[in-house]
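*Asks:* A single structure is presented below for examination.
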Amino acid sequence: MAAQLDHLGRGGYKPKVAIAMRSYNDRDVIRGTLEMIGRQTYRNYELWNFDSSSKDGTFEIIQEYNRPERIRQNDSASYNPGRVLNDAVHTVDGDVVVFINSDATPETEDWLEKLIAPLADPSVGAVYGRQTARPDCRALFVKDTERAFGDGREAAKWVHFFSMANAAARRDVLERFPFETGVQYSEDIEWSLRLRKAGLEIRYVAEAAATHSHNYTLRQSFKRHFGEGKADAYIFRDSELNTSFLRYCVLPFGMEVLRDLRWAVEKGSMDAFLHAVPLRAAQKWGRWQGLREGRKTYGAA
């Protein structure tokens with residue numbers, strides 16, 4: 001507690017912040033992210049870049065905005081998110097570490113100040129900010145982004161939710177709880193759930209928004225949800241989730257399609273109407289198959 005009070009002054013919570021930005025082939029959006037970080041009103045920070053050997057010019061853009069000694073590269077072929085995040089924590093210098101993806105662009109100049117503010121409370125272990133869809137985002141991905149984030153009320157009903165694409169934690173918490181390297185997806189879910197189980201609060205900061213979304217193909221959606229399903233077998237191995245085929249796959253598929261169709265009618269979106277069944281089938285079947293694979297790897301969930 002005393003260490004936290006050392007950073008409290010007339011202007012409030014003023015820790016030294018290290019911003020750890022991960023990137024991979026994000027040439028089209030990273031410049032906007034770097035520029036918004038450079039315009040932040042909170043100035044007590046250092047930016048560190050961790051690039052996964054981008055081949056599209058992303059690395060060259062990073063070099064325009066950051067010093068060579070604060071740029072690191074890792075091999076995308078052997079990329080493990082937990083390992084890269086742990087390396088970032090050990091590399092950067094700061095009382096608070098902010099994690100931002102290079103394709104997650106802060107929306108306001110006080111994003112950083114608002115994101116870290118709850119960490120003044122030592123009972124708060126980590127925070128994550130809102131994400132909003134990009135203008136070119138497909139309809140159902142817009143819906144999913146708003147449902148997962150928005151005002152936070154929907155995600156608060158779920159077993160657990162967190163996103164490292166726009167997040168922060170104090171160094172003492174990160175050193176006490178390193179990231180799991182045994183999973184390739186959902187490392188942020190695994191890590192933040194561990195914090196919750198240890199009695200630390202996870203705080204959602206809707207005011208600290210970043211624009212971040214992806215237009216996944218059906219194949220990409222299957223692959224991502226396969227990875228997340230596999231990770232679920234490890235993360236929720238204490239039976240926090242009902243992983244029967246009915247409750248994990250069939251009912252979520254039906255409920256999501258119904259929500260999609262209702263949303264499509266409300267928004268007048270033919271794209272959402274036509275996309276609903278194939279997208280949810282790819283996601284839910286991928287997640288079920290991933291869970292089955294995870295059970296073989298980690299044991300039954």
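We name chains A, B, ... following the order of the structure tokens; residues begin at 1 in each chain, and ligands are numbered from 1 as shown.
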When you look at Gly199 (chain A) with a cut-off of 12 Å (counting only C-alpha atoms), what residues show up, excluding the ones that are within fewer than 6 positions of it in the same chain? I need them as a list in words.

*Replies:*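 Listing them by chain and then by number gives Pro122, Ser123, Val124, Gly125, Ala126, Val173, Ser192 and Leu193 of chain A.
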
*Asks:* For the selection just defined, write its residues with N, CA and C atoms to a file, as a PDB file, in the first residue's frame.

*Replies:*
```pdb
ATOM      1  N   PRO A 122      -4.960  -0.977  -4.527  1.00  0.00           N
ATOM      2  CA  PRO A 122      -4.177  -2.216  -4.483  1.00  0.00           C
ATOM      3  C   PRO A 122      -5.010  -3.483  -4.569  1.00  0.00           C
ATOM      4  N   SER A 123      -6.327  -3.381  -4.394  1.00  0.00           N
ATOM      5  CA  SER A 123      -7.179  -4.569  -4.528  1.00  0.00           C
ATOM      6  C   SER A 123      -7.464  -4.899  -5.991  1.00  0.00           C
ATOM      7  N   VAL A 124      -7.152  -3.960  -6.892  1.00  0.00           N
ATOM      8  CA  VAL A 124      -7.358  -4.172  -8.321  1.00  0.00           C
ATOM      9  C   VAL A 124      -6.105  -4.804  -8.907  1.00  0.00           C
ATOM     10  N   GLY A 125      -6.247  -5.995  -9.470  1.00  0.00           N
ATOM     11  CA  GLY A 125      -5.095  -6.698 -10.009  1.00  0.00           C
ATOM     12  C   GLY A 125      -4.796  -6.341 -11.445  1.00  0.00           C
ATOM     13  N   ALA A 126      -5.844  -6.080 -12.239  1.00  0.00           N
ATOM     14  CA  ALA A 126      -5.653  -5.764 -13.652  1.00  0.00           C
ATOM     15  C   ALA A 126      -6.870  -5.015 -14.157  1.00  0.00           C
ATOM     16  N   VAL A 173       2.097  -7.251  -9.488  1.00  0.00           N
ATOM     17  CA  VAL A 173       1.144  -8.302  -9.829  1.00  0.00           C
ATOM     18  C   VAL A 173       1.693  -9.168 -10.952  1.00  0.00           C
ATOM     19  N   SER A 192      -5.879 -13.699 -16.081  1.00  0.00           N
ATOM     20  CA  SER A 192      -6.774 -12.860 -15.285  1.00  0.00           C
ATOM     21  C   SER A 192      -7.690 -13.687 -14.390  1.00  0.00           C
ATOM     22  N   LEU A 193      -8.043 -14.903 -14.817  1.00  0.00           N
ATOM     23  CA  LEU A 193      -8.832 -15.777 -13.951  1.00  0.00           C
ATOM     24  C   LEU A 193      -8.024 -16.189 -12.733  1.00  0.00           C
TER      25      LEU A 193
END
```

*Asks:* Write down as a PyMOL selection string the residues belonging to region 110-260 of chain A that are assigned helix (DSSP H, G or I) by DSSP computed on the backbone.

*Replies:* chain A and resi 111-120+139-148+155-157+171-176+187-197+218-235+245-260

*Asks:* Excluding Asp51 (chain A) and its own-chain neighbours fewer than 5 positions away, which residues fall within 7 Å of it when counting only C-alpha atoms? Please give them as a PDB file with N, CA, C and O atoms, in the first residue's frame.

*Replies:*
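Okay, this is what ended up in out-v7.pdb:
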```pdb
ATOM      1  N   ARG A  22       2.561  -5.130 -28.891  1.00  0.00           N
ATOM      2  CA  ARG A  22       2.862  -6.282 -29.746  1.00  0.00           C
ATOM      3  C   ARG A  22       2.355  -6.017 -31.156  1.00  0.00           C
ATOM      4  O   ARG A  22       1.296  -5.411 -31.326  1.00  0.00           O
ATOM      5  N   SER A  23       3.101  -6.497 -32.141  1.00  0.00           N
ATOM      6  CA  SER A  23       2.699  -6.256 -33.525  1.00  0.00           C
ATOM      7  C   SER A  23       3.096  -7.416 -34.421  1.00  0.00           C
ATOM      8  O   SER A  23       4.064  -8.131 -34.151  1.00  0.00           O
ATOM      9  N   TYR A  24       2.316  -7.568 -35.485  1.00  0.00           N
ATOM     10  CA  TYR A  24       2.651  -8.521 -36.542  1.00  0.00           C
ATOM     11  C   TYR A  24       1.877  -8.141 -37.802  1.00  0.00           C
ATOM     12  O   TYR A  24       0.642  -8.241 -37.829  1.00  0.00           O
ATOM     13  N   PHE A  59       7.607  -3.185 -39.169  1.00  0.00           N
ATOM     14  CA  PHE A  59       8.827  -2.941 -38.385  1.00  0.00           C
ATOM     15  C   PHE A  59       9.461  -1.606 -38.767  1.00  0.00           C
ATOM     16  O   PHE A  59       9.934  -0.855 -37.894  1.00  0.00           O
ATOM     17  N   ARG A  72      12.080  -4.615 -29.834  1.00  0.00           N
ATOM     18  CA  ARG A  72      12.511  -6.010 -29.791  1.00  0.00           C
ATOM     19  C   ARG A  72      11.779  -6.785 -30.885  1.00  0.00           C
ATOM     20  O   ARG A  72      10.652  -6.470 -31.235  1.00  0.00           O
ATOM     21  N   GLN A  73      12.418  -7.809 -31.392  1.00  0.00           N
ATOM     22  CA  GLN A  73      11.780  -8.687 -32.364  1.00  0.00           C
ATOM     23  C   GLN A  73      11.800 -10.122 -31.866  1.00  0.00           C
ATOM     24  O   GLN A  73      12.726 -10.538 -31.168  1.00  0.00           O
ATOM     25  N   ASN A  74      10.741 -10.863 -32.205  1.00  0.00           N
ATOM     26  CA  ASN A  74      10.676 -12.288 -31.902  1.00  0.00           C
ATOM     27  C   ASN A  74      10.290 -13.029 -33.172  1.00  0.00           C
ATOM     28  O   ASN A  74       9.824 -12.435 -34.144  1.00  0.00           O
TER      29      ASN A  74
END
```

*Asks:* Please list as a ChimeraX atom specification every residue within 12 Å of Arg153 (chain A), counting only C-alpha atoms and excluding residues in the same chain fewer than 6 positions away.

*Replies:* /A:146-147,161,204-206

*Asks:* Name the residues in contact with Ala276 (chain A) at a cut-off of 8 Å, using only C-alpha atoms, excluding same-chain residues fewer than 5 positions from it; report them as a list in words.

*Replies:*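 That gives Leu140, Val257, Asp260 and Leu261 of chain A.
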
*Asks:* Looking at A:Pro178, A:Gly57, A:Gly254, A:Gly94, which one is nearest to Ala20 (chain A), with distances taken over only C-alpha atoms?

*Replies:*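 Nearest candidate to Ala20 (chain A) out of A:Pro178, A:Gly57, A:Gly254, A:Gly94: A:Gly94.
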
*Asks:* Neighbouring residues of Asp103 (chain A) were defined as those with any atom within 8 Å, considering only C-alpha atoms; residues of the same chain fewer than 5 positions away were excluded. Please report them as a ChimeraX atom specification.

*Replies:* /A:23,26,29-30,33,211-212

*Asks:* Those residues with N, CA, C and O atoms, as a CSV table (one decimal), in the first residue's frame please?

*Replies:*
```csv
chain,number,residue,atom,x,y,z
A,23,SER,N,3.1,-6.5,-32.1
A,23,SER,CA,2.7,-6.3,-33.5
A,23,SER,C,3.1,-7.4,-34.4
A,23,SER,O,4.1,-8.1,-34.2
A,26,ASP,N,0.9,-5.3,-39.3
A,26,ASP,CA,-0.2,-4.4,-39.1
A,26,ASP,C,0.1,-3.0,-39.7
A,26,ASP,O,-0.3,-2.0,-39.2
A,29,VAL,N,-2.6,-0.1,-40.0
A,29,VAL,CA,-3.2,0.5,-38.8
A,29,VAL,C,-2.2,1.0,-37.7
A,29,VAL,O,-2.6,1.8,-36.9
A,30,ILE,N,-1.0,0.4,-37.7
A,30,ILE,CA,-0.1,0.7,-36.6
A,30,ILE,C,0.3,2.2,-36.5
A,30,ILE,O,0.5,2.7,-35.4
A,33,THR,N,-2.1,4.0,-34.4
A,33,THR,CA,-1.9,3.6,-33.0
A,33,THR,C,-0.7,4.3,-32.4
A,33,THR,O,-0.8,4.9,-31.3
A,211,THR,N,-10.0,1.3,-30.8
A,211,THR,CA,-10.6,0.7,-31.9
A,211,THR,C,-9.9,-0.6,-32.4
A,211,THR,O,-8.7,-0.5,-32.7
A,212,HIS,N,-10.6,-1.7,-32.4
A,212,HIS,CA,-9.9,-3.0,-32.6
A,212,HIS,C,-10.9,-4.0,-33.0
A,212,HIS,O,-11.9,-4.3,-32.3
```

*Asks:* Just the residues within 12 Å of Pro252 (chain A), please, counting only C-alpha atoms, with nothing from its chain fewer than 2 positions along; format it as a list in words.

*Replies:*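 After dropping sequence-adjacent residues, the list is Asn242, Thr243, Ser244, Phe245, Leu246, Arg247, Tyr248, Cys249, Val250, Gly254, Met255, Glu256, Val257, Leu258, Arg259, Asp260, Arg280, Ala281, Gln283, Lys284, Trp285, Arg287 and Trp288 of chain A.
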
*Asks:* Counting only C-alpha atoms, which residue out of A:Lys157, A:Arg39, A:Arg67, A:Arg27 sits closest to Glu107 (chain A)?

*Replies:*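 The answer is A:Arg39, which sits nearest to Glu107 (chain A).
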
*Asks:* Going by DSSP on the backbone, which bits of region 114-293 of chain A are strand (DSSP E or B)? Write them as an mmCIF file with N, CA and C atoms, in the first residue's frame, please.

*Replies:*
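Okay, this is what ended up in states-v1.cif:
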```
data_model
loop_
_atom_site.group_PDB
_atom_site.id
_atom_site.type_symbol
_atom_site.label_atom_id
_atom_site.label_comp_id
_atom_site.auth_asym_id
_atom_site.auth_seq_id
_atom_site.Cartn_x
_atom_site.Cartn_y
_atom_site.Cartn_z
ATOM 1 N N VAL A 124 -7.152 -3.960 -6.892
ATOM 2 C CA VAL A 124 -7.358 -4.172 -8.321
ATOM 3 C C VAL A 124 -6.105 -4.804 -8.907
ATOM 4 N N GLY A 125 -6.247 -5.995 -9.470
ATOM 5 C CA GLY A 125 -5.095 -6.698 -10.009
ATOM 6 C C GLY A 125 -4.796 -6.341 -11.445
ATOM 7 N N ALA A 126 -5.844 -6.080 -12.239
ATOM 8 C CA ALA A 126 -5.653 -5.764 -13.652
ATOM 9 C C ALA A 126 -6.870 -5.015 -14.157
ATOM 10 N N VAL A 127 -6.668 -4.272 -15.233
ATOM 11 C CA VAL A 127 -7.751 -3.540 -15.874
ATOM 12 C C VAL A 127 -7.724 -3.829 -17.371
ATOM 13 N N TYR A 128 -8.875 -3.709 -17.999
ATOM 14 C CA TYR A 128 -8.906 -3.777 -19.454
ATOM 15 C C TYR A 128 -9.912 -2.762 -19.973
ATOM 16 N N GLY A 129 -9.592 -2.189 -21.133
ATOM 17 C CA GLY A 129 -10.415 -1.132 -21.683
ATOM 18 C C GLY A 129 -11.394 -1.625 -22.727
ATOM 19 N N ARG A 130 -12.276 -0.742 -23.094
ATOM 20 C CA ARG A 130 -13.288 -1.043 -24.105
ATOM 21 C C ARG A 130 -12.638 -1.202 -25.478
ATOM 22 N N GLN A 131 -13.256 -1.995 -26.336
ATOM 23 C CA GLN A 131 -12.863 -2.102 -27.724
ATOM 24 C C GLN A 131 -14.088 -1.833 -28.590
ATOM 25 N N THR A 132 -13.870 -1.092 -29.676
ATOM 26 C CA THR A 132 -14.943 -0.801 -30.613
ATOM 27 C C THR A 132 -14.504 -1.228 -32.007
ATOM 28 N N ASN A 166 -5.940 -4.417 -24.861
ATOM 29 C CA ASN A 166 -6.026 -3.053 -24.318
ATOM 30 C C ASN A 166 -6.165 -3.206 -22.810
ATOM 31 N N ALA A 167 -5.038 -3.332 -22.118
ATOM 32 C CA ALA A 167 -5.080 -3.723 -20.709
ATOM 33 C C ALA A 167 -3.870 -3.191 -19.949
ATOM 34 N N ALA A 168 -3.893 -3.343 -18.631
ATOM 35 C CA ALA A 168 -2.768 -2.877 -17.808
ATOM 36 C C ALA A 168 -2.772 -3.596 -16.464
ATOM 37 N N ALA A 169 -1.603 -3.638 -15.844
ATOM 38 C CA ALA A 169 -1.448 -4.210 -14.500
ATOM 39 C C ALA A 169 -0.208 -3.613 -13.859
ATOM 40 N N ARG A 170 -0.175 -3.646 -12.542
ATOM 41 C CA ARG A 170 1.022 -3.197 -11.831
ATOM 42 C C ARG A 170 2.128 -4.244 -11.950
ATOM 43 N N GLU A 201 -9.226 -7.972 -7.849
ATOM 44 C CA GLU A 201 -10.337 -7.522 -8.683
ATOM 45 C C GLU A 201 -9.864 -7.256 -10.106
ATOM 46 N N ILE A 202 -10.693 -7.621 -11.068
ATOM 47 C CA ILE A 202 -10.461 -7.285 -12.468
ATOM 48 C C ILE A 202 -11.436 -6.174 -12.823
ATOM 49 N N ARG A 203 -10.918 -5.029 -13.237
ATOM 50 C CA ARG A 203 -11.768 -3.867 -13.480
ATOM 51 C C ARG A 203 -11.879 -3.559 -14.979
ATOM 52 N N TYR A 204 -13.090 -3.365 -15.445
ATOM 53 C CA TYR A 204 -13.343 -2.960 -16.829
ATOM 54 C C TYR A 204 -13.442 -1.444 -16.879
ATOM 55 N N VAL A 205 -12.690 -0.819 -17.800
ATOM 56 C CA VAL A 205 -12.674 0.637 -17.924
ATOM 57 C C VAL A 205 -13.260 1.014 -19.286
ATOM 58 N N ALA A 206 -14.544 1.215 -19.330
ATOM 59 C CA ALA A 206 -15.224 1.490 -20.597
ATOM 60 C C ALA A 206 -14.769 2.813 -21.205
ATOM 61 N N GLU A 207 -14.292 3.743 -20.366
ATOM 62 C CA GLU A 207 -13.885 5.063 -20.854
ATOM 63 C C GLU A 207 -12.546 5.019 -21.573
ATOM 64 N N ALA A 208 -11.781 3.951 -21.398
ATOM 65 C CA ALA A 208 -10.466 3.820 -22.042
ATOM 66 C C ALA A 208 -10.610 2.942 -23.280
ATOM 67 N N ALA A 209 -11.159 3.520 -24.334
ATOM 68 C CA ALA A 209 -11.536 2.737 -25.515
ATOM 69 C C ALA A 209 -10.445 2.743 -26.578
ATOM 70 N N ALA A 210 -10.363 1.622 -27.280
ATOM 71 C CA ALA A 210 -9.468 1.487 -28.428
ATOM 72 C C ALA A 210 -10.248 0.837 -29.563
ATOM 73 N N THR A 211 -9.982 1.259 -30.783
ATOM 74 C CA THR A 211 -10.635 0.681 -31.950
ATOM 75 C C THR A 211 -9.883 -0.574 -32.362
#
```

*Asks:* Looking at only C-alpha atoms, which of A:Arg262, A:Arg224, A:Lys230, A:Arg295 is the one that sits closest to Lys143 (chain A)?

*Replies:*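 Among the listed residues, the smallest separation from Lys143 (chain A) belongs to A:Arg262.
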
*Asks:* With only C-alpha atoms as the atoms that count, which of A:Tyr185, A:Val159, A:Met270, A:Gly152 lies nearest to Glu240 (chain A)?

*Replies:* A:Val159

*Asks:* From the list A:Ser78, A:Asn215, A:Ser221, A:Ser186, which residue is nearest Ile235 (chain A) when using only C-alpha atoms?

*Replies:*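 The shortest atom-to-atom distance to Ile235 (chain A) comes from A:Ser186.
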
*Asks:* Go ahead and compute the interatomic distance for CA of Glu109 (chain A) and CA of Gln40 (chain A), in Å to one decimal.

*Replies:*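 Straight-line distance from CA of Glu109 (chain A) to CA of Gln40 (chain A) works out to 4.5 Å.
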
*Asks:* Of the candidates A:Tyr79, A:Phe226, A:Trp263, A:Phe162, which shows the shortest atom-to-atom distance to Gln289 (chain A), using only C-alpha atoms?

*Replies:*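 Answer, going by the shortest atom-to-atom distance: A:Phe226.
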